[in-house]
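A.B. asks: Just passing along the structure, written as structure tokens.
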Amino acid sequence: MRAVGFWKALPISNPESLVDAEVPVPTPGPHDLLVRVEAVSVNPADVKSRSGSDPKGFRILGYDAAGVVTAVGDAVTLFAVGDEVYYSGQIDRPGSNAQFQAVNENIVGHKPASFDFAEAAALPVATLTAWEILFDHFGLTEHSTGTLLMVGAAGGVGSMVLQLARARTRLTVVGTAGRGDSKRWATEMGAHHVVDRHDLVASVHAVAPDGVEYLVSPFSKGNIDAYAELIRPLGHIAATDEPEGLDLLPLKPKSVTWHWELIFTRPILLPDDTYQHELLEETAKLVDAGRVRSVATTRLGPLDARTMRDAHARVESSAAIGKVVVTAT
């Protein structure tokens with residue numbers, strides 16, 4: 001089968017940073033689905049993996065995907081051949097940037113019926129991240145009130161945090177953005193207020209004078225002092241990044257709870273857990289009920305090295321709104 005991957009960590013401007021290759025079609029394990037990949041989306045995790053260090057051999061990247069089940073393992077119970085699915089994959093197995101991918105059924109959901117493959121492929125990583133932050137780490141419910149601050153509201157995770165918070169809680173939702181188009185997008189995604197990320201403390205206090213109970217941080221470096229001013233006593237912060245040497249002591253006087261969020265924890269350390277399957281199934285219901293929309297904003301194709309280099313460059317720019325999606329053809 002055709003696949004896109006890399007042998008060596010290189011700048012995305014280098015033609016060898018992502019290359020085409022012919023590799024064997026994976027053989028599904030007992031709990032695996034073999035999926036014909038119809039669309040993928042590119043995440044910061046892809047960029048970080050590609051640019052971080054040299055892999056051991058040829059590495060196929062890609063987490064978000066949507067496609068069709070073409071074969072199932074002997075122990076599969078949740079899916080059948082022909083099912084249309086979407087999922088986020090995992091970091092310790094070959095990725096979705098290929099014609100076929102083997103993936104554990106426990107982290108796969110049935111694709112929303114009202115979405116095409118590209119729309120569905122934009123959802124899993126952002127949705128699982130947002131869901132685990134809001135409803136697991138923060139423990140929010142449909143009765144929860146207070147104020148939530150989403151830093152970087154126009155990105156993929158930000159877009160889903162805004163939508164899920166509006167769909168499944170009673171929170172006041174505040175997002176940060178820098179450009180006019182980013183602010184408009186965040187408003188469309190459900191933010192009650194969109195404030196200037198360049199003057200974080202003053203702009204948030206203008207709409208939430210007493211601060212916020214919940215804060216989601218994809219950009220923690222250099223922002224901890226600002227967070228310490230904005231978060232209310234006994235508040236909660238969840239981070240999706242991992243800046244080296246991060247000093248959290250400014251948060252201690254308010255007894256703030258700091259949560260780390262990594263959606264790959266369950267697939268790697270709790271492989272028998274079906275929780276992410278259940279979350280994707282519930283998300284599909286929200287989509288088909290018109291309560292959640294796709295965060296796909298840019299469509300590229302076909303799924304080859306040249307297109308994927310373009311997609312990675314767009315994500316690396318940190319200026320992308322929503323998600324960049326690449327279709328198989």
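By order in the structure tokens, chains are A, B, ...; within a chain, residues start at 1; ligands start at 1, following the order shown.
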Using only C-alpha atoms, what does the table of stretch 230-299 of chain A residues within 12 Å of stretch 148-169 of chain A look like, with each row giving the shortest atom pair and its distance in Å to one decimal, sorted by chain and ascending number, as a Markdown table?
C.D. replies:
```
| residue | atom | partner | partner_atom | distance |
| --- | --- | --- | --- | --- |
| A:Leu230 | CA | A:Leu149 | CA | 9.2 |
| A:Ile231 | CA | A:Leu149 | CA | 9.1 |
| A:Arg232 | CA | A:Leu148 | CA | 10.8 |
| A:Gly235 | CA | A:Leu148 | CA | 10.1 |
| A:His236 | CA | A:Leu148 | CA | 9.6 |
| A:Ile237 | CA | A:Leu149 | CA | 9.4 |
| A:Ala238 | CA | A:Met150 | CA | 10.0 |
| A:Ala239 | CA | A:Val151 | CA | 10.1 |
| A:Thr240 | CA | A:Val157 | CA | 9.2 |
| A:Asp241 | CA | A:Val157 | CA | 11.8 |
| A:Glu261 | CA | A:Val157 | CA | 11.5 |
| A:Ile263 | CA | A:Val157 | CA | 11.7 |
| A:Leu279 | CA | A:Leu164 | CA | 11.8 |
| A:Glu282 | CA | A:Leu164 | CA | 11.4 |
| A:Thr283 | CA | A:Leu164 | CA | 9.2 |
| A:Leu286 | CA | A:Ala167 | CA | 8.5 |
| A:Val287 | CA | A:Gln163 | CA | 10.7 |
| A:Ala289 | CA | A:Ala167 | CA | 11.0 |
| A:Gly290 | CA | A:Ala167 | CA | 10.3 |
| A:Arg291 | CA | A:Ala167 | CA | 6.5 |
| A:Val292 | CA | A:Gln163 | CA | 6.3 |
| A:Arg293 | CA | A:Gln163 | CA | 8.1 |
| A:Ser294 | CA | A:Met160 | CA | 8.8 |
| A:Val295 | CA | A:Gly156 | CA | 6.5 |
| A:Ala296 | CA | A:Gly156 | CA | 8.4 |
| A:Thr297 | CA | A:Gly156 | CA | 9.8 |
| A:Thr298 | CA | A:Gly156 | CA | 11.9 |
```
A.B. asks: Quick one: pick out all alpha helix (DSSP H) residues within stretch 82-275 of chain A from a backbone DSSP run and write them as a ChimeraX atom specification.
C.D. replies: /A:117-121,124-131,156-168,180-189,200-207,224-230,265-269,275
A.B. asks: So, counting only C-alpha atoms, which residue among A:Leu215, A:Leu123, A:Gly139, A:Ala284 is closest to A:Gly175?
C.D. replies: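 Comparing A:Leu215, A:Leu123, A:Gly139, A:Ala284 against A:Gly175, the winner is A:Leu215.
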A.B. asks: Near A:Val25, within 8 Å and counting only C-alpha atoms, which residues show up once chain neighbours fewer than 6 positions away are dropped, as a ChimeraX atom specification?
C.D. replies: /A:1,100-101
A.B. asks: As a ChimeraX atom specification, please: all residues of stretch 25-215 of chain A that backbone DSSP puts in strand (DSSP E or B).
C.D. replies: /A:32-42,59-60,65-72,84-87,98,100-104,108-110,147-150,155,172-177,193-196,212-215
A.B. asks: Compile the contact shell of A:Asp273 as a PyMOL selection string: residues with an atom at most 10 Å away, counting only C-alpha atoms, same-chain residues fewer than 6 positions apart removed.
C.D. replies: chain A and resi 106-107+266-267
A.B. asks: Would you mind listing what lies within 6 Å of A:Leu171 as number ranges by chain, with only C-alpha atoms counted and same-chain residues fewer than 2 positions away left out?
C.D. replies: A: 145-147, 169, 173
A.B. asks: Could you write out the selected residues, including C-alpha atoms, as a PDB file, in the first residue's frame?
C.D. replies:
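Below you can see part.pdb, which holds the result:
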```
ATOM      1  CA  THR A 145     -22.119  27.067  35.996  1.00  0.00           C
ATOM      2  CA  GLY A 146     -19.236  29.526  36.240  1.00  0.00           C
ATOM      3  CA  THR A 147     -16.799  30.806  33.637  1.00  0.00           C
ATOM      4  CA  THR A 169     -22.962  22.732  30.389  1.00  0.00           C
ATOM      5  CA  VAL A 173     -17.472  30.534  27.748  1.00  0.00           C
TER       6      VAL A 173
END
```
A.B. asks: Need to verify the contact set: A:Asn43, 10 Å, only C-alpha atoms, exclusion of same-chain residues closer than 5 positions in sequence. Can you return it as a list of chain:residue names?
C.D. replies: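 Everything that qualifies: A:Lys48, A:Gly62, A:Tyr63, A:Asp64, A:Ala122, A:Val125, A:Ala126, A:Gly155, A:Gly156, A:Val157, A:Ala311, A:His312, A:Val315, A:Glu316, A:Lys323, A:Val324, A:Val325.
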A.B. asks: For A:Thr327, which residue among A:Phe79, A:Tyr227, A:Phe117, A:Phe219 is the nearest when counting only C-alpha atoms?
C.D. replies: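 The answer is A:Phe117, which sits nearest to A:Thr327.
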A.B. asks: Would you list the contacts of stretch 10-12 of chain A as a list of chain:residue names, taking every protein, DNA or RNA residue within 9 Å and counting only C-alpha atoms, but skipping same-chain residues closer than 2 positions in sequence?
C.D. replies: A:Phe6, A:Lys8, A:Asn14, A:Pro15, A:Glu16, A:Ser17, A:Leu18, A:Val47, A:Arg50, A:Ser51, A:Gly52, A:Ser53, A:Asp54, A:Arg309, A:Asp310, A:His312, A:Ala313, A:Glu316
A.B. asks: May I ask which of the residues A:Pro44, A:Gly245, A:Pro124, A:Gly5 is the closest one to A:Ser317, counting only C-alpha atoms?
C.D. replies: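 Answer, going by the shortest atom-to-atom distance: A:Pro44.
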A.B. asks: Between A:Glu281, A:Asp288, A:Glu229, A:Glu132, which is the closest to A:Val212 once you count only C-alpha atoms?
C.D. replies: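 Closest to A:Val212 of all the choices is A:Glu229.
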A.B. asks: Any idea what the distance is between atom CA of A:Leu246 and atom CA of A:Ala9?
C.D. replies: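 Result for atom CA of A:Leu246 versus atom CA of A:Ala9: 25.3 Å, one decimal.
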A.B. asks: Which one is closest to A:Glu278: A:Leu128, A:Val81, A:Thr307, A:Asp32? Count only C-alpha atoms.
C.D. replies: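 Under the stated criterion, the closest residue is A:Leu128.
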A.B. asks: For atom CA of A:Arg179 and atom CA of A:His198, quote the distance in Å rounded to one decimal.
C.D. replies: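 According to the coordinates, atom CA of A:Arg179 and atom CA of A:His198 are separated by 10.3 Å.
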A.B. asks: In Å, how far is it from atom CA of A:Ala328 to atom CA of A:Gly301?
C.D. replies: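 According to the coordinates, atom CA of A:Ala328 and atom CA of A:Gly301 are separated by 6.4 Å.
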A.B. asks: Kindly indicate which residue among A:Gln99, A:Pro30, A:Thr77, A:Arg184 lies nearest to A:Leu303, using only C-alpha atoms for the distances.
C.D. replies: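 For A:Leu303, the nearest of the given residues is A:Gln99.
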